[in-house]
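Note: the block below is run_36.tsv and it holds TSV, C-alpha atoms.
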```
chain	number	residue	atom	x	y	z
A	1	MET	CA	21.96	16.30	-5.44
A	2	GLN	CA	21.30	18.92	-8.06
A	3	LEU	CA	22.36	21.97	-6.03
A	4	LEU	CA	25.74	20.34	-5.39
A	5	GLU	CA	26.28	19.25	-9.01
A	6	GLU	CA	25.50	22.78	-10.17
A	7	ARG	CA	27.97	24.22	-7.68
A	8	ILE	CA	30.71	21.79	-8.76
A	9	ARG	CA	30.14	22.74	-12.41
A	10	LYS	CA	30.21	26.44	-11.52
A	11	ASP	CA	33.09	26.62	-9.03
A	12	GLY	CA	34.96	23.31	-9.26
A	13	GLN	CA	38.28	23.37	-11.08
A	14	ILE	CA	39.63	20.38	-12.94
A	15	ARG	CA	43.38	19.79	-12.79
A	16	GLU	CA	45.59	17.24	-14.49
A	17	GLY	CA	45.90	13.94	-12.63
A	18	ASN	CA	42.16	13.61	-11.89
A	19	VAL	CA	42.25	16.41	-9.34
A	20	LEU	CA	38.96	18.23	-8.76
A	21	LYS	CA	39.47	21.38	-6.71
A	22	VAL	CA	36.43	22.44	-4.73
A	23	ASP	CA	38.37	24.54	-2.25
A	24	SER	CA	36.21	27.63	-2.76
A	25	PHE	CA	33.15	26.01	-1.17
A	26	LEU	CA	33.94	22.63	0.39
A	27	ASN	CA	37.41	21.97	1.76
A	28	HIS	CA	39.35	25.18	2.32
A	29	GLN	CA	36.66	27.82	2.27
A	30	ILE	CA	33.32	26.32	3.34
A	31	ASP	CA	29.92	27.56	2.17
A	32	ILE	CA	27.86	26.88	5.29
A	33	ASP	CA	24.49	27.18	3.54
A	34	LEU	CA	25.52	24.51	1.04
A	35	CYS	CA	26.93	22.45	3.89
A	36	ASN	CA	23.55	22.62	5.60
A	37	GLU	CA	21.83	21.34	2.47
A	38	ILE	CA	24.37	18.50	2.37
A	39	GLY	CA	23.60	17.63	6.00
A	40	ARG	CA	19.88	17.74	5.34
A	41	GLU	CA	20.29	15.40	2.34
A	42	PHE	CA	22.33	12.88	4.36
A	43	ARG	CA	19.52	12.89	6.91
A	44	ARG	CA	16.94	12.26	4.18
A	45	LEU	CA	19.03	9.34	2.90
A	46	PHE	CA	19.57	7.87	6.38
A	47	PRO	CA	16.29	8.42	8.24
A	48	GLY	CA	15.28	6.72	11.48
A	49	ASP	CA	17.02	6.50	14.81
A	50	ARG	CA	19.59	3.77	14.31
A	51	ILE	CA	22.67	5.98	13.93
A	52	THR	CA	24.39	6.77	17.24
A	53	LYS	CA	27.52	8.52	16.02
A	54	ILE	CA	28.99	10.27	13.00
A	55	LEU	CA	32.60	9.43	12.21
A	56	THR	CA	34.87	11.41	9.91
A	57	ILE	CA	38.57	12.09	9.44
A	58	GLU	CA	40.49	15.32	9.84
A	59	ALA	CA	40.57	17.85	8.41
A	60	SER	CA	38.10	18.56	5.63
A	61	GLY	CA	35.50	16.05	6.80
A	62	ILE	CA	35.01	17.75	10.15
A	63	GLY	CA	32.91	20.71	9.07
A	64	ILE	CA	30.57	18.56	7.00
A	65	ALA	CA	30.25	16.02	9.82
A	66	CYS	CA	29.45	18.69	12.42
A	67	ILE	CA	26.80	20.40	10.31
A	68	THR	CA	25.33	16.98	9.40
A	69	ALA	CA	25.27	15.86	13.05
A	70	GLN	CA	22.79	18.62	13.84
A	71	TYR	CA	20.22	16.73	11.76
A	72	PHE	CA	20.91	13.43	13.55
A	73	HIS	CA	21.31	14.74	17.11
A	74	VAL	CA	24.33	12.52	17.71
A	75	PRO	CA	27.98	13.33	18.53
A	76	VAL	CA	30.71	13.61	15.93
A	77	VAL	CA	34.02	11.86	16.38
A	78	PHE	CA	36.90	12.49	14.05
A	79	ALA	CA	39.87	10.22	13.42
A	80	LYS	CA	43.26	11.87	13.52
A	81	LYS	CA	46.05	11.38	11.07
A	82	SER	CA	49.08	11.08	13.32
A	83	GLN	CA	50.01	10.38	16.90
A	84	SER	CA	49.48	13.40	19.15
A	85	ILE	CA	50.97	13.66	22.61
A	86	ASN	CA	47.59	14.83	23.91
A	87	LEU	CA	45.97	11.50	23.06
A	88	ASP	CA	45.89	8.59	25.45
A	89	GLY	CA	47.61	5.37	24.48
A	90	ASP	CA	44.36	3.51	24.11
A	91	MET	CA	43.65	3.89	20.43
A	92	TYR	CA	42.16	2.12	17.46
A	93	THR	CA	44.50	2.48	14.49
A	94	ALA	CA	44.37	1.78	10.76
A	95	GLN	CA	46.85	2.42	7.97
A	96	VAL	CA	45.81	4.61	5.05
A	97	GLU	CA	47.53	5.27	1.76
A	98	SER	CA	46.87	8.84	0.66
A	99	TYR	CA	46.18	9.32	-3.04
A	100	THR	CA	46.54	13.09	-2.75
A	101	HIS	CA	49.73	13.17	-0.72
A	102	LYS	CA	51.35	9.99	-2.09
A	103	ARG	CA	52.24	8.62	1.30
A	104	THR	CA	51.04	6.21	3.97
A	105	TYR	CA	49.83	7.41	7.35
A	106	ASP	CA	48.05	6.08	10.42
A	107	VAL	CA	44.53	7.09	11.37
A	108	ILE	CA	43.82	6.87	15.06
A	109	LEU	CA	40.72	7.07	17.19
A	110	SER	CA	40.40	6.93	20.95
A	111	ARG	CA	38.73	3.71	22.11
A	112	LYS	CA	36.62	5.78	24.49
A	113	PHE	CA	34.55	7.23	21.69
A	114	LEU	CA	33.47	4.15	19.76
A	115	THR	CA	32.05	1.01	21.37
A	116	GLU	CA	30.36	-2.18	20.20
A	117	LYS	CA	26.99	-0.53	20.82
A	118	ASP	CA	27.58	2.19	18.23
A	119	ARG	CA	25.96	2.28	14.80
A	120	VAL	CA	28.05	4.64	12.77
A	121	LEU	CA	27.50	6.91	9.80
A	122	ILE	CA	30.85	7.63	8.17
A	123	VAL	CA	30.95	11.05	6.46
A	124	ASP	CA	33.66	12.55	4.26
A	125	ASP	CA	34.10	15.13	1.53
A	126	PHE	CA	35.67	12.86	-1.11
A	127	LEU	CA	35.69	9.20	-2.08
A	128	ALA	CA	38.23	8.25	-4.74
A	129	ASN	CA	40.40	5.18	-4.23
A	130	GLY	CA	38.63	4.63	-0.95
A	131	CYS	CA	41.73	4.23	1.20
A	132	ALA	CA	40.77	6.80	3.84
A	133	THR	CA	37.16	5.59	3.94
A	134	ALA	CA	38.24	1.95	4.22
A	135	GLY	CA	40.47	3.02	7.10
A	136	LEU	CA	37.46	4.51	8.88
A	137	VAL	CA	35.46	1.29	8.28
A	138	GLU	CA	38.36	-0.64	9.82
A	139	LEU	CA	38.29	1.62	12.90
A	140	VAL	CA	34.54	1.01	13.32
A	141	HIS	CA	35.01	-2.75	13.01
A	142	SER	CA	37.93	-2.65	15.46
A	143	ALA	CA	35.47	-1.24	17.98
A	144	GLY	CA	32.98	-4.03	17.28
A	145	ALA	CA	30.59	-1.31	16.12
A	146	ALA	CA	28.42	-1.40	12.99
A	147	VAL	CA	28.75	0.74	9.86
A	148	GLU	CA	25.20	1.91	9.13
A	149	GLY	CA	26.35	3.64	5.99
A	150	ILE	CA	28.76	6.02	4.33
A	151	GLY	CA	27.81	9.52	3.25
A	152	ILE	CA	30.13	11.11	0.71
A	153	VAL	CA	29.83	14.58	-0.78
A	154	ILE	CA	31.75	13.92	-4.02
A	155	GLU	CA	32.64	10.47	-5.32
A	156	LYS	CA	35.02	10.00	-8.20
A	157	GLY	CA	33.07	7.24	-9.90
A	158	PHE	CA	35.95	6.42	-12.23
A	159	GLN	CA	38.12	5.39	-9.30
A	160	LYS	CA	37.71	2.16	-7.40
A	161	GLY	CA	36.66	3.26	-3.89
A	162	GLY	CA	32.89	3.34	-4.29
A	163	ARG	CA	32.71	0.00	-6.07
A	164	MET	CA	35.05	-1.66	-3.57
A	165	LEU	CA	32.97	-0.51	-0.57
A	166	ARG	CA	29.59	-1.34	-2.15
A	167	GLU	CA	30.86	-4.82	-3.10
A	168	ARG	CA	31.54	-5.35	0.59
A	169	GLY	CA	27.83	-4.77	1.20
A	170	ILE	CA	28.23	-1.33	2.72
A	171	ARG	CA	25.64	1.26	1.82
A	172	VAL	CA	27.44	4.20	0.22
A	173	GLU	CA	25.46	7.34	-0.60
A	174	SER	CA	27.37	9.90	-2.63
A	175	LEU	CA	25.62	13.20	-3.27
A	176	ALA	CA	27.50	13.75	-6.53
A	177	ILE	CA	29.31	11.06	-8.51
A	178	VAL	CA	31.76	12.32	-11.11
A	179	GLU	CA	31.94	9.83	-13.99
A	180	ALA	CA	34.41	11.80	-16.08
A	181	MET	CA	36.13	15.15	-16.12
A	182	GLU	CA	38.12	16.80	-18.86
A	183	PRO	CA	40.78	19.36	-17.87
A	184	ALA	CA	41.07	20.80	-21.39
A	185	THR	CA	37.40	21.73	-21.74
A	186	GLY	CA	36.40	21.90	-18.07
A	187	THR	CA	33.60	19.41	-18.75
A	188	ILE	CA	32.29	17.29	-15.88
A	189	THR	CA	29.96	14.34	-16.37
A	190	PHE	CA	27.93	13.17	-13.37
A	191	ARG	CA	26.41	9.73	-12.91
A	192	GLN	CA	22.62	9.81	-13.09
A	193	GLN	CA	21.23	8.83	-9.68
B	1	MET	CA	29.98	30.82	29.80
B	2	GLN	CA	28.58	28.78	32.65
B	3	LEU	CA	27.43	25.75	30.63
B	4	LEU	CA	30.96	25.40	29.25
B	5	GLU	CA	32.70	25.82	32.60
B	6	GLU	CA	30.43	23.18	34.11
B	7	ARG	CA	31.22	20.81	31.26
B	8	ILE	CA	34.96	21.37	31.64
B	9	ARG	CA	34.72	20.66	35.36
B	10	LYS	CA	32.67	17.52	34.71
B	11	ASP	CA	34.45	15.99	31.70
B	12	GLY	CA	37.78	17.79	31.37
B	13	GLN	CA	40.86	15.90	32.49
B	14	ILE	CA	43.93	17.60	33.87
B	15	ARG	CA	47.30	16.12	32.96
B	16	GLU	CA	50.82	17.02	34.02
B	17	GLY	CA	52.42	19.77	31.96
B	18	ASN	CA	49.39	22.09	31.94
B	19	VAL	CA	47.48	19.80	29.61
B	20	LEU	CA	43.68	20.02	29.79
B	21	LYS	CA	42.02	17.20	27.88
B	22	VAL	CA	38.56	18.01	26.59
B	23	ASP	CA	38.57	15.37	23.90
B	24	SER	CA	35.26	13.85	25.00
B	25	PHE	CA	33.24	16.92	23.97
B	26	LEU	CA	35.37	19.45	22.08
B	27	ASN	CA	38.32	18.27	20.03
B	28	HIS	CA	38.13	14.57	19.27
B	29	GLN	CA	34.52	13.73	20.02
B	30	ILE	CA	32.34	16.82	19.55
B	31	ASP	CA	29.11	17.51	21.42
B	32	ILE	CA	27.14	19.34	18.74
B	33	ASP	CA	24.55	20.76	21.14
B	34	LEU	CA	27.31	22.33	23.24
B	35	CYS	CA	28.99	23.50	20.04
B	36	ASN	CA	25.76	25.24	19.05
B	37	GLU	CA	25.65	27.06	22.39
B	38	ILE	CA	29.25	28.12	21.81
B	39	GLY	CA	28.38	29.47	18.37
B	40	ARG	CA	25.35	31.30	19.77
B	41	GLU	CA	27.54	32.89	22.47
B	42	PHE	CA	30.14	34.06	19.95
B	43	ARG	CA	27.31	35.67	18.00
B	44	ARG	CA	26.06	37.41	21.14
B	45	LEU	CA	29.57	38.72	21.82
B	46	PHE	CA	30.09	39.90	18.23
B	47	PRO	CA	26.73	41.26	17.08
B	48	GLY	CA	26.15	43.43	14.03
B	49	ASP	CA	27.02	42.88	10.40
B	50	ARG	CA	30.70	43.81	10.23
B	51	ILE	CA	32.16	40.30	10.12
B	52	THR	CA	32.51	38.90	6.59
B	53	LYS	CA	34.42	35.70	7.27
B	54	ILE	CA	35.30	33.26	10.03
B	55	LEU	CA	38.89	32.03	10.05
B	56	THR	CA	40.18	29.03	11.95
B	57	ILE	CA	42.98	26.48	11.71
B	58	GLU	CA	42.78	22.76	11.13
B	59	ALA	CA	41.79	20.48	12.65
B	60	SER	CA	39.93	21.03	15.90
B	61	GLY	CA	38.86	24.60	15.12
B	62	ILE	CA	36.90	23.59	12.04
B	63	GLY	CA	33.81	22.13	13.68
B	64	ILE	CA	33.44	25.06	16.06
B	65	ALA	CA	33.94	27.54	13.23
B	66	CYS	CA	31.36	25.85	10.99
B	67	ILE	CA	28.69	25.67	13.67
B	68	THR	CA	29.46	29.29	14.66
B	69	ALA	CA	29.27	30.48	11.05
B	70	GLN	CA	25.62	29.51	10.92
B	71	TYR	CA	24.89	32.34	13.35
B	72	PHE	CA	26.86	34.87	11.28
B	73	HIS	CA	25.80	33.77	7.78
B	74	VAL	CA	29.34	34.09	6.47
B	75	PRO	CA	31.76	31.53	5.00
B	76	VAL	CA	34.39	29.70	7.01
B	77	VAL	CA	37.95	29.48	5.81
B	78	PHE	CA	40.48	27.28	7.57
B	79	ALA	CA	44.24	27.62	7.46
B	80	LYS	CA	46.17	24.43	6.78
B	81	LYS	CA	49.21	23.22	8.61
B	82	SER	CA	51.41	22.00	5.77
B	83	GLN	CA	51.81	22.32	2.04
B	84	SER	CA	49.33	20.17	0.12
B	85	ILE	CA	49.71	19.35	-3.56
B	86	ASN	CA	46.05	20.24	-4.06
B	87	LEU	CA	46.66	23.87	-3.10
B	88	ASP	CA	47.65	26.52	-5.60
B	89	GLY	CA	50.99	28.28	-5.19
B	90	ASP	CA	49.38	31.56	-4.27
B	91	MET	CA	49.32	31.40	-0.50
B	92	TYR	CA	49.59	33.51	2.60
B	93	THR	CA	51.93	31.82	5.05
B	94	ALA	CA	52.94	32.26	8.69
B	95	GLN	CA	55.22	30.28	10.98
B	96	VAL	CA	53.78	28.77	14.15
B	97	GLU	CA	55.51	27.11	17.07
B	98	SER	CA	53.30	24.37	18.48
B	99	TYR	CA	53.22	24.09	22.26
B	100	THR	CA	51.49	20.72	22.11
B	101	HIS	CA	53.70	19.12	19.51
B	102	LYS	CA	56.98	20.89	20.35
B	103	ARG	CA	57.74	21.79	16.76
B	104	THR	CA	57.47	24.62	14.26
B	105	TYR	CA	55.15	24.42	11.27
B	106	ASP	CA	53.79	26.66	8.54
B	107	VAL	CA	50.17	27.70	8.36
B	108	ILE	CA	48.94	28.47	4.89
B	109	LEU	CA	45.86	30.06	3.42
B	110	SER	CA	44.92	30.56	-0.20
B	111	ARG	CA	45.01	34.24	-1.19
B	112	LYS	CA	41.71	33.72	-2.99
B	113	PHE	CA	39.78	33.43	0.26
B	114	LEU	CA	40.89	36.50	2.17
B	115	THR	CA	41.06	40.02	0.72
B	116	GLU	CA	41.55	43.54	2.02
B	117	LYS	CA	37.77	43.94	2.16
B	118	ASP	CA	37.37	41.18	4.74
B	119	ARG	CA	36.66	41.76	8.42
B	120	VAL	CA	37.54	38.52	10.11
B	121	LEU	CA	36.48	36.72	13.26
B	122	ILE	CA	39.20	34.24	14.24
B	123	VAL	CA	37.82	31.20	16.08
B	124	ASP	CA	39.70	28.39	17.77
B	125	ASP	CA	39.24	25.81	20.51
B	126	PHE	CA	42.27	26.75	22.66
B	127	LEU	CA	44.40	29.78	23.39
B	128	ALA	CA	47.53	29.10	25.44
B	129	ASN	CA	50.85	30.59	24.34
B	130	GLY	CA	49.01	32.20	21.45
B	131	CYS	CA	51.36	31.01	18.71
B	132	ALA	CA	48.70	29.49	16.48
B	133	THR	CA	46.32	32.41	17.02
B	134	ALA	CA	49.08	34.96	16.32
B	135	GLY	CA	49.80	33.04	13.12
B	136	LEU	CA	46.17	33.47	12.06
B	137	VAL	CA	46.32	37.20	12.87
B	138	GLU	CA	49.43	37.42	10.68
B	139	LEU	CA	47.57	35.72	7.80
B	140	VAL	CA	44.72	38.23	8.10
B	141	HIS	CA	47.13	41.16	8.09
B	142	SER	CA	49.02	39.69	5.12
B	143	ALA	CA	45.75	39.93	3.21
B	144	GLY	CA	45.30	43.56	4.25
B	145	ALA	CA	42.13	42.44	6.00
B	146	ALA	CA	40.99	43.46	9.49
B	147	VAL	CA	40.76	41.29	12.61
B	148	GLU	CA	37.36	42.13	14.11
B	149	GLY	CA	38.00	39.88	17.04
B	150	ILE	CA	39.09	36.50	18.30
B	151	GLY	CA	36.66	33.98	19.76
B	152	ILE	CA	38.25	31.25	21.87
B	153	VAL	CA	36.47	28.39	23.59
B	154	ILE	CA	39.05	27.75	26.33
B	155	GLU	CA	41.86	30.14	27.24
B	156	LYS	CA	44.65	29.12	29.55
B	157	GLY	CA	44.84	32.38	31.45
B	158	PHE	CA	48.12	31.44	33.11
B	159	GLN	CA	49.87	31.31	29.73
B	160	LYS	CA	50.83	34.39	27.79
B	161	GLY	CA	48.70	34.20	24.62
B	162	GLY	CA	45.61	36.10	25.77
B	163	ARG	CA	47.58	38.94	27.37
B	164	MET	CA	49.88	39.26	24.36
B	165	LEU	CA	46.99	39.55	21.90
B	166	ARG	CA	44.94	41.93	24.08
B	167	GLU	CA	48.00	44.16	24.55
B	168	ARG	CA	48.10	44.47	20.78
B	169	GLY	CA	44.62	45.96	20.95
B	170	ILE	CA	42.84	42.91	19.59
B	171	ARG	CA	39.49	42.05	21.12
B	172	VAL	CA	39.77	38.50	22.49
B	173	GLU	CA	36.64	36.83	23.86
B	174	SER	CA	37.27	33.53	25.62
B	175	LEU	CA	34.21	31.62	26.77
B	176	ALA	CA	36.13	30.00	29.63
B	177	ILE	CA	39.43	31.20	31.05
B	178	VAL	CA	41.31	28.69	33.17
B	179	GLU	CA	43.35	30.54	35.81
B	180	ALA	CA	44.77	27.46	37.47
B	181	MET	CA	44.44	23.71	37.38
B	182	GLU	CA	45.74	21.10	39.75
B	183	PRO	CA	46.40	17.59	38.40
B	184	ALA	CA	46.60	16.02	41.87
B	185	THR	CA	43.14	17.14	42.99
B	186	GLY	CA	41.51	17.73	39.60
B	187	THR	CA	40.62	21.28	40.70
B	188	ILE	CA	40.07	23.93	38.02
B	189	THR	CA	39.80	27.64	38.82
B	190	PHE	CA	38.14	29.86	36.22
B	191	ARG	CA	38.60	33.62	35.86
B	192	GLN	CA	35.46	35.53	36.80
B	193	GLN	CA	34.14	37.28	33.67
```
Translate this file's structure into structure tokens.
Amino acid sequence: MQLLEERIRKDGQIREGNVLKVDSFLNHQIDIDLCNEIGREFRRLFPGDRITKILTIEASGIGIACITAQYFHVPVVFAKKSQSINLDGDMYTAQVESYTHKRTYDVILSRKFLTEKDRVLIVDDFLANGCATAGLVELVHSAGAAVEGIGIVIEKGFQKGGRMLRERGIRVESLAIVEAMEPATGTITFRQQ
Amino acid sequence: MQLLEERIRKDGQIREGNVLKVDSFLNHQIDIDLCNEIGREFRRLFPGDRITKILTIEASGIGIACITAQYFHVPVVFAKKSQSINLDGDMYTAQVESYTHKRTYDVILSRKFLTEKDRVLIVDDFLANGCATAGLVELVHSAGAAVEGIGIVIEKGFQKGGRMLRERGIRVESLAIVEAMEPATGTITFRQQ
């Protein structure tokens, strides 16, 4: 998605340790016009009426999922990262290892909001090692529901997540795939799609 | 907002301890059509071109803020609840006592995304004791920015947050204000607005 790649080149900041900061437009401050173009593109990539629900994970996936859901006319459900006293006991759970935070946490989702009849589009801002996304796939499968596809805004193509998920036969559509990034020069190379 | 009050009566669940669960349409699963009506109503309540940014707090405020921002054509920025290694050191911070989770946490916001020129609409799903919302007000004031108003989806009118903020001269618009709720009968009384 050219608009997105241009924005990453313009406003993304490369940090040591393969960190790409896009907090000025995607995951701390959110450019809603860009977000709308992202939602529109996910819709173009997943046309038809099969998808019944959009699933994401708190926190930075929620805005993208909600804007995207407007193009699908389906509800959003977001997985939570830790047990909350306001949640019922009846939960799907999966363990996720966080690359960013260097720790393991549980993702939880109320059983009420995902059933075996659902066909789910998983949406998130980043795909790197794929741990969070694989956790969401596990939640969908726990419900007996089907993963129709995964829509990612930025994939780090040099990390294993995208390959791992595609090798499992899951359709992964990433709007920008970073093949390489160089902190010293600020150069970003995108995969041709 | 009648549509919202009707939905709360229909799908909200009252639990002991003044807990109102609206996780089937607002803060776990999200009804995007309802969310759009909420955004439209906030826009009606805050017309004009003064607002430059919408501020919320992760996680459940984000979807509402993003949908609402479409009606204001301004960016969203969301405060985070704990230090993340992906955030720069240059942060506004405020301490918040969580009523739901019975603990104190820091809310943080990058200084880059709020300046003294900003006129901010604070948006969140709930207002009860007002601790989280007061924390957001503190972040805005730390930036030297102005709070144009606060837009809340559901206020618990029997808790102190709304009164406390209004007594400070801040305009608080809550789309539904719960005056009383009765777990035994499932009865909810809304404030006439």
Just want the 12 Å neighbourhood of Gly130 in chain B, counted on only C-alpha atoms, with same-chain residues fewer than 4 positions away dropped. Output as a compact mmCIF listing (two decimals) with C-alpha atoms, in the coordinates of the input.
```
# COMPACT_ATOMS: atom_id res chain seq x y z
CA VAL B 96 53.78 28.77 14.15
CA GLU B 97 55.51 27.11 17.07
CA SER B 98 53.30 24.37 18.48
CA TYR B 99 53.22 24.09 22.26
CA THR B 100 51.49 20.72 22.11
CA ASP B 124 39.70 28.39 17.77
CA ASP B 125 39.24 25.81 20.51
CA PHE B 126 42.27 26.75 22.66
CA ALA B 134 49.08 34.96 16.32
CA GLY B 135 49.80 33.04 13.12
CA LEU B 136 46.17 33.47 12.06
CA VAL B 137 46.32 37.20 12.87
CA GLU B 138 49.43 37.42 10.68
CA ILE B 150 39.09 36.50 18.30
CA ILE B 152 38.25 31.25 21.87
CA ILE B 154 39.05 27.75 26.33
CA GLU B 155 41.86 30.14 27.24
CA LYS B 156 44.65 29.12 29.55
CA GLY B 157 44.84 32.38 31.45
CA PHE B 158 48.12 31.44 33.11
CA GLN B 159 49.87 31.31 29.73
CA LYS B 160 50.83 34.39 27.79
CA GLY B 161 48.70 34.20 24.62
CA GLY B 162 45.61 36.10 25.77
CA ARG B 163 47.58 38.94 27.37
CA MET B 164 49.88 39.26 24.36
CA LEU B 165 46.99 39.55 21.90
CA ARG B 166 44.94 41.93 24.08
CA VAL B 172 39.77 38.50 22.49
```
Exercise. Find the residues of chain B in contact range of chain A, meaning any atom within 10 Å when counting all atoms listed in the file, and list them as an MDAnalysis selection string.
Key: chainID B and resid 15 19:33 35:36 53:55 57:70 73:80 83:88 100:102 109:110 112:114
Self-check item: Computed interatomic separation between CA of Thr104 in chain B and CA of Ile122 in chain B (Å)
Solution: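 Value for the CA of Thr104 in chain B-CA of Ile122 in chain B distance: 20.6 Å.
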Quiz prompt | Atom pair CA of Ile108 in chain B / CA of Gly149 in chain B: separation (Å) | solution = 19.9 Å
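Of the listed residues A:Leu45, A:Val147, A:Ile38, A:Ala94, the one whose atoms come nearest to Glu173 in chain A is A:Leu45, with distances taken using all atoms listed in the file.
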Quiz prompt | All residues 10 Å or closer to Gln2 in chain B, all atoms listed in the file, same chain fewer than 4 positions away omitted, as a list in words | solution = Glu6, Arg7, Ile8, Leu175 and Ala176 of chain B
Practice problem: Record the distance separating CA of Ala128 in chain A and CA of Lys81 in chain B, expressed in Å with one decimal. | Solution: 22.9 Å
First collect every listed atom of range 114-130 of chain A; then fit an axis-aligned box around them, widen it by 8 Å on each side, and give centre and edge lengths in Å to one decimal, as lines of an AutoDock Vina configuration file.
```
center_x = 33.2
center_y = 6.5
center_z = 8.3
size_x = 30.4
size_y = 33.3
size_z = 42.1
```
